[in-house]
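Coordinates as given in protein-v1.txt (compact mmCIF, C-alpha atoms and all ligand atoms):
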```
# COMPACT_ATOMS: atom_id res chain seq x y z
CA MET A 1 33.48 121.85 21.15
CA GLU A 2 37.15 121.93 22.26
CA GLY A 3 38.28 123.59 19.03
CA SER A 4 35.57 126.20 19.23
CA MET A 5 35.51 126.71 22.99
CA ARG A 6 35.64 130.36 23.96
CA LEU A 7 37.54 131.63 26.98
CA GLY A 8 36.33 134.57 29.05
CA SER A 9 38.62 136.14 31.61
CA ILE A 10 37.14 138.36 34.27
CA GLY A 11 40.13 140.37 35.39
CA ALA A 12 43.52 140.55 33.69
CA GLY A 13 45.89 141.43 36.51
CA HIS A 14 49.01 139.53 37.54
CA MET A 15 47.66 135.97 37.47
CA GLY A 16 44.90 136.46 34.90
CA GLY A 17 47.48 138.10 32.64
CA ALA A 18 49.93 135.19 33.12
CA ILE A 19 47.25 132.66 32.13
CA LEU A 20 46.13 134.73 29.15
CA GLN A 21 49.72 135.12 27.97
CA ALA A 22 50.24 131.36 28.24
CA VAL A 23 47.10 130.32 26.35
CA LEU A 24 47.72 132.88 23.61
CA ASP A 25 51.46 132.12 23.27
CA THR A 26 50.80 128.38 23.04
CA GLY A 27 47.93 128.91 20.57
CA LEU A 28 45.48 126.95 22.72
CA PHE A 29 42.93 129.70 22.11
CA THR A 30 43.02 131.96 19.09
CA PRO A 31 42.71 135.62 20.13
CA GLN A 32 39.25 135.83 18.50
CA ARG A 33 38.01 133.22 20.99
CA VAL A 34 39.32 135.09 24.02
CA HIS A 35 37.08 137.66 25.74
CA ILE A 36 38.46 139.73 28.58
CA SER A 37 36.90 142.30 30.88
CA SER A 38 38.61 144.55 33.38
CA PRO A 39 38.10 148.03 34.83
CA VAL A 40 41.78 148.76 34.06
CA PRO A 41 42.23 149.90 30.42
CA SER A 42 46.03 149.50 30.52
CA GLU A 43 45.61 145.81 31.42
CA LEU A 44 43.29 145.23 28.45
CA GLU A 45 45.38 147.07 25.89
CA PRO A 46 48.01 144.36 25.15
CA TYR A 47 45.28 141.76 24.58
CA ALA A 48 43.25 144.08 22.37
CA LYS A 49 46.42 144.56 20.29
CA ARG A 50 46.71 140.77 19.93
CA GLY A 51 43.14 140.58 18.60
CA CYS A 52 41.29 139.50 21.76
CA ARG A 53 37.83 140.93 22.48
CA THR A 54 38.21 143.31 25.40
CA ASN A 55 35.74 145.45 27.30
CA ARG A 56 34.80 146.69 30.78
CA ASP A 57 31.63 144.61 30.97
CA ASN A 58 31.85 141.27 32.82
CA VAL A 59 28.33 140.30 31.71
CA GLU A 60 29.37 140.63 28.07
CA THR A 61 32.48 138.53 28.71
CA ALA A 62 30.46 135.79 30.44
CA ARG A 63 27.85 135.86 27.64
CA ASN A 64 30.51 135.34 24.96
CA ALA A 65 32.47 132.59 26.73
CA ASP A 66 32.06 128.88 27.46
CA LEU A 67 34.87 128.64 30.00
CA ILE A 68 34.87 131.63 32.36
CA LEU A 69 38.05 132.33 34.31
CA LEU A 70 37.58 134.31 37.52
CA ALA A 71 40.85 136.23 37.82
CA VAL A 72 39.79 138.80 40.40
CA ARG A 73 40.86 138.94 44.04
CA PRO A 74 39.13 136.58 46.48
CA HIS A 75 37.00 139.30 48.12
CA GLN A 76 35.69 140.38 44.67
CA ILE A 77 34.50 136.90 43.63
CA GLN A 78 30.99 137.01 45.09
CA ASP A 79 30.19 140.41 43.53
CA VAL A 80 31.37 139.16 40.15
CA LEU A 81 29.30 135.96 40.48
CA LYS A 82 26.15 137.99 41.25
CA GLU A 83 26.83 140.08 38.18
CA ILE A 84 27.40 137.22 35.72
CA ALA A 85 25.21 134.41 37.15
CA ALA A 86 22.46 134.79 34.54
CA GLU A 87 25.00 134.30 31.71
CA THR A 88 26.56 131.11 33.05
CA GLU A 89 23.91 128.37 32.43
CA TRP A 90 25.56 125.13 31.17
CA LYS A 91 28.97 126.81 31.13
CA CYS A 92 32.07 126.28 33.28
CA VAL A 93 33.49 128.71 35.81
CA LEU A 94 37.17 128.29 36.69
CA SER A 95 38.37 129.95 39.89
CA ILE A 96 42.00 130.58 40.80
CA ALA A 97 41.13 132.63 43.88
CA ALA A 98 43.01 131.75 47.05
CA GLY A 99 40.74 130.28 49.67
CA VAL A 100 37.45 130.49 47.75
CA THR A 101 35.76 127.08 47.70
CA VAL A 102 33.93 125.38 44.85
CA ALA A 103 30.89 125.07 47.15
CA SER A 104 30.76 128.83 47.82
CA ILE A 105 30.91 129.53 44.08
CA LYS A 106 28.23 126.96 43.24
CA GLU A 107 25.88 128.53 45.80
CA SER A 108 25.85 131.72 43.75
CA LEU A 109 25.33 130.14 40.33
CA PRO A 110 22.62 128.16 38.52
CA ASN A 111 22.71 124.36 39.08
CA SER A 112 23.78 123.69 35.50
CA VAL A 113 27.14 125.47 35.91
CA ALA A 114 30.29 123.36 36.29
CA VAL A 115 32.88 124.81 38.67
CA LEU A 116 36.61 124.11 38.65
CA ARG A 117 39.24 125.37 41.06
CA ALA A 118 42.96 125.67 40.46
CA MET A 119 45.94 127.29 42.15
CA PRO A 120 48.52 128.28 39.52
CA ASN A 121 51.64 130.37 39.96
CA LEU A 122 53.16 133.24 38.03
CA PRO A 123 56.00 131.39 36.19
CA LEU A 124 53.18 130.04 34.03
CA ALA A 125 53.61 133.19 31.94
CA TYR A 126 57.08 131.84 31.00
CA GLY A 127 55.98 128.24 30.40
CA SER A 128 57.25 127.09 33.82
CA GLY A 129 54.14 127.19 35.98
CA ALA A 130 53.18 124.84 38.79
CA THR A 131 49.41 124.47 38.99
CA VAL A 132 47.47 122.52 41.58
CA MET A 133 44.07 121.43 40.23
CA ALA A 134 41.37 120.44 42.68
CA ILE A 135 40.02 117.02 41.66
CA PRO A 136 36.70 117.97 40.05
CA GLY A 137 33.20 116.86 40.98
CA ARG A 138 31.47 114.27 38.76
CA ASP A 139 29.20 117.01 37.40
CA VAL A 140 32.08 118.71 35.53
CA PRO A 141 31.92 117.77 31.82
CA ASN A 142 35.18 116.29 30.48
CA ARG A 143 35.48 118.93 27.79
CA PHE A 144 35.85 121.69 30.39
CA PHE A 145 38.19 119.73 32.64
CA ASP A 146 40.35 118.63 29.69
CA MET A 147 40.61 122.16 28.31
CA THR A 148 41.52 123.58 31.72
CA VAL A 149 44.20 120.94 32.27
CA ASN A 150 45.54 121.63 28.75
CA MET A 151 45.70 125.35 29.53
CA PHE A 152 47.83 124.80 32.61
CA LYS A 153 49.86 121.90 31.14
CA SER A 154 50.72 123.98 28.08
CA ALA A 155 52.62 126.28 30.43
CA GLY A 156 54.06 124.03 33.10
CA LYS A 157 53.26 121.15 35.40
CA VAL A 158 49.90 120.18 36.88
CA VAL A 159 49.41 118.31 40.16
CA TYR A 160 45.95 117.06 41.19
CA LEU A 161 44.89 117.23 44.84
CA LYS A 162 41.70 117.01 46.88
CA GLU A 163 40.19 120.46 47.22
CA GLU A 164 40.72 120.55 51.00
CA LEU A 165 44.50 120.47 50.40
CA ILE A 166 44.60 123.50 48.10
CA ASN A 167 45.20 125.99 50.92
CA ALA A 168 48.23 124.01 52.08
CA ALA A 169 49.41 123.64 48.47
CA THR A 170 49.23 127.43 48.01
CA ALA A 171 52.10 127.66 50.49
CA LEU A 172 54.13 125.35 48.22
CA GLY A 173 53.39 126.77 44.79
CA GLY A 174 51.08 129.78 44.28
CA SER A 175 52.84 131.83 46.97
CA ALA A 176 56.14 129.99 47.18
CA VAL A 177 57.68 131.58 44.10
CA ALA A 178 57.63 134.83 46.07
CA TYR A 179 59.69 133.21 48.85
CA PHE A 180 62.37 132.45 46.26
CA PHE A 181 62.21 136.02 44.91
CA ARG A 182 62.56 137.34 48.45
CA MET A 183 65.52 135.09 49.11
CA ALA A 184 67.13 136.24 45.84
CA SER A 185 66.53 139.85 46.84
CA VAL A 186 68.19 139.39 50.26
CA MET A 187 71.12 137.56 48.66
CA ALA A 188 71.57 140.27 46.00
CA GLY A 189 71.50 142.98 48.70
CA TRP A 190 74.12 141.09 50.70
CA ALA A 191 76.23 140.67 47.54
CA GLU A 192 76.19 144.42 46.93
CA GLN A 193 77.37 145.08 50.49
CA ASN A 194 80.20 142.64 49.76
CA GLY A 195 81.27 144.50 46.63
CA ILE A 196 79.52 142.40 43.94
CA HIS A 197 77.40 144.35 41.47
CA PRO A 198 73.68 143.33 41.56
CA TYR A 199 73.80 142.37 37.85
CA GLU A 200 76.59 139.82 38.39
CA ALA A 201 75.09 138.76 41.72
CA LEU A 202 71.72 137.98 40.12
CA GLN A 203 73.39 135.98 37.35
CA ILE A 204 75.03 133.78 39.98
CA ILE A 205 71.89 133.56 42.14
CA ASN A 206 69.51 132.78 39.24
CA GLN A 207 71.76 130.10 37.82
CA SER A 208 72.29 128.58 41.27
CA MET A 209 68.52 128.44 41.84
CA ALA A 210 68.00 126.93 38.39
CA GLY A 211 70.81 124.42 39.04
CA ALA A 212 69.36 123.46 42.43
CA SER A 213 65.96 122.98 40.79
CA GLU A 214 67.54 120.79 38.11
CA MET A 215 69.22 118.64 40.76
CA LEU A 216 65.99 118.33 42.74
CA THR A 217 64.19 117.22 39.58
CA ARG A 218 66.80 114.91 38.09
CA SER A 219 68.76 113.37 40.95
CA GLU A 220 67.10 110.63 42.94
CA LYS A 221 68.16 112.20 46.23
CA THR A 222 65.97 113.94 48.78
CA PRO A 223 66.39 117.70 49.32
CA SER A 224 68.05 116.97 52.63
CA GLU A 225 70.55 114.53 51.04
CA LEU A 226 71.37 117.11 48.37
CA ALA A 227 71.97 119.75 51.06
CA SER A 228 74.30 117.39 52.95
CA GLY A 229 76.25 116.82 49.74
CA VAL A 230 77.14 120.53 49.69
CA ALA A 231 77.41 121.14 53.43
CA VAL A 232 80.37 118.88 54.16
CA PRO A 233 81.62 118.86 57.78
CA GLY A 234 83.86 121.78 58.62
CA GLY A 235 83.16 123.51 55.29
CA THR A 236 81.79 126.91 54.31
CA THR A 237 78.19 125.74 53.73
CA GLU A 238 78.09 124.02 57.09
CA ALA A 239 79.13 127.33 58.67
CA ALA A 240 76.19 128.97 56.86
CA PHE A 241 73.81 126.25 58.08
CA GLN A 242 74.95 126.67 61.68
CA ALA A 243 74.25 130.41 61.43
CA PHE A 244 70.85 129.63 59.84
CA ASP A 245 70.02 127.31 62.74
CA GLN A 246 70.96 129.95 65.29
CA ALA A 247 68.79 132.51 63.50
CA GLY A 248 65.80 130.10 63.29
CA PHE A 249 65.75 129.77 59.48
CA ASP A 250 63.60 126.59 59.37
CA GLU A 251 61.20 127.89 62.02
CA ALA A 252 60.78 131.18 60.12
CA LEU A 253 60.02 129.32 56.90
CA ILE A 254 57.49 127.03 58.59
CA ALA A 255 55.84 130.00 60.32
CA GLY A 256 55.48 131.75 56.95
CA MET A 257 53.99 128.67 55.30
CA ASN A 258 51.54 128.19 58.19
CA ALA A 259 50.49 131.83 57.86
CA CYS A 260 50.03 131.39 54.10
CA ARG A 261 47.86 128.27 54.54
CA ASP A 262 45.84 129.85 57.37
CA ARG A 263 45.15 133.01 55.37
CA GLY A 264 43.54 130.76 52.74
CA ILE A 265 41.34 129.25 55.46
CA GLU A 266 40.40 132.77 56.70
CA LEU A 267 39.47 133.76 53.14
CA VAL A 268 37.15 130.73 52.96
CA SER A 269 35.32 131.76 56.11
CA SER A 270 34.91 135.36 54.94
CA SER A 271 33.86 134.52 51.35
N1 LIG A 301 49.38 136.72 41.90
C1 LIG A 301 49.65 135.44 42.08
O1 LIG A 301 50.82 135.02 42.10
C2 LIG A 301 48.52 134.44 42.22
C3 LIG A 301 48.80 133.07 42.27
C4 LIG A 301 47.75 132.17 42.37
C5 LIG A 301 46.44 132.62 42.44
N2 LIG A 301 46.18 133.96 42.41
C6 LIG A 301 44.78 134.40 42.48
O2 LIG A 301 44.51 135.10 41.30
C7 LIG A 301 43.50 136.09 41.55
C8 LIG A 301 43.98 137.41 40.98
O3 LIG A 301 45.14 137.78 41.67
P1 LIG A 301 46.15 138.81 41.03
O4 LIG A 301 47.42 138.70 41.79
O5 LIG A 301 46.17 138.65 39.55
O6 LIG A 301 45.42 140.19 41.41
P2 LIG A 301 45.47 141.57 40.60
O7 LIG A 301 46.78 141.73 39.94
O8 LIG A 301 45.00 142.62 41.57
O9 LIG A 301 44.37 141.36 39.47
C9 LIG A 301 42.99 141.44 39.68
C10 LIG A 301 42.44 142.34 38.59
O10 LIG A 301 41.01 142.29 38.60
C11 LIG A 301 40.54 143.63 38.46
N3 LIG A 301 39.18 143.73 38.96
C12 LIG A 301 38.76 144.19 40.17
N4 LIG A 301 37.41 144.12 40.25
C13 LIG A 301 36.99 143.60 39.08
C14 LIG A 301 35.72 143.30 38.55
N5 LIG A 301 34.60 143.50 39.27
N6 LIG A 301 35.65 142.80 37.32
C15 LIG A 301 36.76 142.58 36.56
N7 LIG A 301 38.00 142.85 37.02
C16 LIG A 301 38.11 143.35 38.25
C17 LIG A 301 41.51 144.43 39.26
O11 LIG A 301 41.38 145.82 38.98
P3 LIG A 301 41.69 146.89 40.17
O12 LIG A 301 43.18 146.83 40.34
O13 LIG A 301 41.18 148.17 39.61
O14 LIG A 301 40.94 146.41 41.39
C18 LIG A 301 42.82 143.83 38.80
O15 LIG A 301 43.21 144.37 37.58
C19 LIG A 301 43.30 136.14 43.06
O16 LIG A 301 42.08 135.57 43.40
C20 LIG A 301 44.47 135.36 43.62
O17 LIG A 301 44.11 134.65 44.81
C21 LIG A 301 47.19 134.87 42.30
```

Give the structure from this file in C-alpha cells form.
Ligand SMILES: NC(=O)c1ccc[n+]([C@@H]2O[C@H](COP(=O)([O-])OP(=O)(O)OC[C@H]3O[C@@H](n4cnc5c(N)ncnc54)[C@H](OP(=O)(O)O)[C@@H]3O)[C@@H](O)[C@H]2O)c1
Amino acid sequence: MEGSMRLGSIGAGHMGGAILQAVLDTGLFTPQRVHISSPVPSELEPYAKRGCRTNRDNVETARNADLILLAVRPHQIQDVLKEIAAETEWKCVLSIAAGVTVASIKESLPNSVAVLRAMPNLPLAYGSGATVMAIPGRDVPNRFFDMTVNMFKSAGKVVYLKEELINAATALGGSAVAYFFRMASVMAGWAEQNGIHPYEALQIINQSMAGASEMLTRSEKTPSELASGVAVPGGTTEAAFQAFDQAGFDEALIAGMNACRDRGIELVSSS
C-alpha cells in the first residue's frame, strides 16, 4: 500500500503548501498520487504545473486519497469534515490544525477512519521542519502512521508527545519560528538605524541564528551555559542582558508562549 498510497490535501495555504512542497521535493509521493483542493486557484496552480491533480472540490479530493491532510484553518475543520465524511471510510485523516483534538475529529467521521494529529512548522518547506506528532491511538494502522512520520521526517525532525501536550508544544515549534522572524526583524530595523544596510544586517543575523542553533545542537551545554559563555562579566553582552532584564525580556517571552498555548486551548473549546 505504501508505494501506492495517495495523498489528498484539503487546503494548500502556508502550511499545506509547505508539506506538499516537502513531499513532492523528496519524491515521497509522485505528483500523480497527490490530489489537492482549494478555493484559491493561485494556490493550486504550482501543483497543477508539477502534475498533481487539483480541483475546488474537497469531496473529490477525499474520494481519490487514502491519507487526507486537513490543511485548513481550525475554525474551518468541522465544515470540511461534514463535507467529506462519506468519502473517508477506512482511510486516514491527518490534522495539523492548532487546538483541534483527535476526539473532536473522530466525532464527525465514520468509526472506521483513523485520525492522526501533528503540529509541524514552516521550515519544513526547506527540509528543516520541526514536527510534533501526537502519539496515535491503537486503532491507527501502521501504514498510515509510518507514511505520515516519513512525510515529516523527510523534511526535518519529528518529536512524539502525548496529545494533551501539543498546545504547549505549539509555543515551541509551530509558532516559535515566527518569534525568531520577529526578533530578526527588530534587529534588522535597529541595524538600519545604526547605519548598517538591511542586506548586510540580515546576513549577520541569519548566520548568527544558524550558528547559535548549531551550538545548541552540537555542544553538550545547556542554553543558559552557552549564554554565559558569551555574556562574560563586564562585557558588551552582559550589558545587553542587563538592559533585557530591566525591560522584562524573559517575562515578555513567557507571556507570549502562555498566550500561544492558551489560544490552542480556546480553539479546542470552540471547535
Ligand atoms: N502557518 C503555520 O506556520 C502553521 C504551523 C502549524 C500548523 N498550522 C495549521 O495549519 C492549518 C493551515 O494554516 P495556514 O497557515 O496554512 O492557513 P492558510 O494559509 O490560511 O491556508 C488555509 C487555506 O485553506 C483554504 N480554505 C479555506 N476554506 C477551505 C475549504 N472549505 N476547503 C479547502 N480549502 C479551504 C484557504 O482559502 P481562503 O484563504 O480563501 O480561506 C487557504 O488557502 C491551520 O489549521 C493551522 O493551525 C499552521

Have a look at A:Gly27, A:Pro136, A:Gly17, A:Pro46 and name the one nearest to A:Asn150; count all atoms listed in the file. A:Gly27

Given the choices A:Glu60, A:Glu238, A:Asp25, A:Asp262, which gets closest to A:Tyr126 if the distance is worked out from all atoms listed in the file? A:Asp25

Choose the residue, out of A:Val149, A:Leu172, A:Leu24, A:Ala231, that has the smallest atom-to-atom separation from ligand LIG 301 (chain A); count only C-alpha atoms and all ligand atoms.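 Using only C-alpha atoms and all ligand atoms, the shortest distance to ligand LIG 301 (chain A) belongs to A:Leu172.
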
Let me have all residues with an atom within 8 Å of ligand LIG 301 (chain A), counting all atoms listed in the file, laid out as a VMD selection string. chain A and resid 10 to 17 37 to 40 43 56 to 58 70 to 77 79 to 80 95 to 99 119 to 122 170 174 to 175 177 to 178

Name all residues at most 10 Å from A:Val93 (count all atoms listed in the file; drop same-chain ones fewer than 3 positions away) and give them as an mmCIF file with C-alpha atoms, keeping the file's coordinate frame.
```cif
data_model
loop_
_atom_site.group_PDB
_atom_site.id
_atom_site.type_symbol
_atom_site.label_atom_id
_atom_site.label_comp_id
_atom_site.auth_asym_id
_atom_site.auth_seq_id
_atom_site.Cartn_x
_atom_site.Cartn_y
_atom_site.Cartn_z
ATOM 1 C CA GLY A 8 36.330 134.570 29.050
ATOM 2 C CA SER A 9 38.620 136.140 31.610
ATOM 3 C CA ALA A 62 30.460 135.790 30.440
ATOM 4 C CA ALA A 65 32.470 132.590 26.730
ATOM 5 C CA ASP A 66 32.060 128.880 27.460
ATOM 6 C CA LEU A 67 34.870 128.640 30.000
ATOM 7 C CA ILE A 68 34.870 131.630 32.360
ATOM 8 C CA LEU A 69 38.050 132.330 34.310
ATOM 9 C CA LEU A 70 37.580 134.310 37.520
ATOM 10 C CA LEU A 81 29.300 135.960 40.480
ATOM 11 C CA THR A 88 26.560 131.110 33.050
ATOM 12 C CA TRP A 90 25.560 125.130 31.170
ATOM 13 C CA VAL A 102 33.930 125.380 44.850
ATOM 14 C CA ILE A 105 30.910 129.530 44.080
ATOM 15 C CA LYS A 106 28.230 126.960 43.240
ATOM 16 C CA LEU A 109 25.330 130.140 40.330
ATOM 17 C CA VAL A 113 27.140 125.470 35.910
ATOM 18 C CA ALA A 114 30.290 123.360 36.290
ATOM 19 C CA VAL A 115 32.880 124.810 38.670
ATOM 20 C CA LEU A 116 36.610 124.110 38.650
ATOM 21 C CA ARG A 117 39.240 125.370 41.060
ATOM 22 C CA PHE A 144 35.850 121.690 30.390
#
```

Among A:Thr131, A:Gln32, A:Asn194, A:Thr26, A:Leu161 is approached most closely, using only C-alpha atoms, by A:Thr131

Work out how far apart atom CA of A:Glu163 and atom CA of A:Ala125 are and give it in Å to one decimal.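 Distance between the two atoms: 24.0 Å.
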
Select, counting all atoms listed in the file, all protein, DNA and RNA residues no farther than 9 Å from (23.9, 130.1, 35.2) in file coordinates, and express the selection as a list in words.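 Residues with an atom at most 9 Å from (23.9, 130.1, 35.2): Ile84, Ala85, Ala86, Glu87, Thr88, Glu89, Trp90, Lys91, Ser108, Leu109, Pro110, Asn111, Ser112 and Val113 of chain A.
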
A:Ala18, A:Leu216, A:Met5, A:Leu94 ranked by distance to A:Pro123, top pick (using only C-alpha atoms):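 For A:Pro123, the nearest of the given residues is A:Ala18.
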
Measuring between all atoms listed in the file, which one of A:Pro41, A:Gly229, A:Gly127, A:Gly235 shows the shortest distance to A:Ile19?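 Going through A:Pro41, A:Gly229, A:Gly127, A:Gly235 one by one, the smallest distance to A:Ile19 is for A:Gly127.
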
Å distance separating atom CA of A:Ala252 from atom CA of A:Glu214, one decimal place: 25.3 Å

Any chance you could build stretch 171-190 of chain A out to N, CA and C atoms and write it as a compact mmCIF listing (two decimals), in the coordinates of the input?
```txt
# COMPACT_ATOMS: atom_id res chain seq x y z
N ALA A 171 50.84 127.33 49.82
CA ALA A 171 52.10 127.66 50.49
C ALA A 171 53.31 127.01 49.80
N LEU A 172 53.05 126.05 48.92
CA LEU A 172 54.13 125.35 48.22
C LEU A 172 54.34 125.84 46.79
N GLY A 173 53.30 126.43 46.20
CA GLY A 173 53.39 126.77 44.79
C GLY A 173 52.96 128.21 44.51
N GLY A 174 51.64 128.46 44.62
CA GLY A 174 51.08 129.78 44.28
C GLY A 174 51.88 130.90 44.93
N SER A 175 52.13 130.78 46.24
CA SER A 175 52.84 131.83 46.97
C SER A 175 54.34 131.60 47.00
N ALA A 176 54.75 130.33 46.89
CA ALA A 176 56.14 129.99 47.18
C ALA A 176 57.14 130.65 46.24
N VAL A 177 56.72 130.92 44.99
CA VAL A 177 57.68 131.58 44.10
C VAL A 177 58.15 132.90 44.71
N ALA A 178 57.24 133.56 45.45
CA ALA A 178 57.63 134.83 46.07
C ALA A 178 58.66 134.62 47.17
N TYR A 179 58.64 133.46 47.83
CA TYR A 179 59.69 133.21 48.85
C TYR A 179 61.06 133.19 48.15
N PHE A 180 61.08 132.55 46.98
CA PHE A 180 62.37 132.45 46.26
C PHE A 180 62.82 133.84 45.79
N PHE A 181 61.85 134.65 45.33
CA PHE A 181 62.21 136.02 44.91
C PHE A 181 62.76 136.80 46.11
N ARG A 182 62.11 136.61 47.26
CA ARG A 182 62.56 137.34 48.45
C ARG A 182 63.97 136.89 48.86
N MET A 183 64.19 135.60 48.77
CA MET A 183 65.52 135.09 49.11
C MET A 183 66.56 135.66 48.14
N ALA A 184 66.21 135.69 46.85
CA ALA A 184 67.13 136.24 45.84
C ALA A 184 67.41 137.71 46.13
N SER A 185 66.38 138.43 46.57
CA SER A 185 66.53 139.85 46.84
C SER A 185 67.48 140.07 48.03
N VAL A 186 67.30 139.28 49.09
CA VAL A 186 68.19 139.39 50.26
C VAL A 186 69.63 139.04 49.85
N MET A 187 69.78 137.99 49.07
CA MET A 187 71.12 137.56 48.66
C MET A 187 71.80 138.62 47.78
N ALA A 188 71.00 139.24 46.89
CA ALA A 188 71.57 140.27 46.00
C ALA A 188 71.99 141.50 46.81
N GLY A 189 71.16 141.84 47.83
CA GLY A 189 71.50 142.98 48.70
C GLY A 189 72.80 142.70 49.46
N TRP A 190 72.90 141.49 49.96
CA TRP A 190 74.12 141.09 50.70
C TRP A 190 75.33 141.15 49.76
```
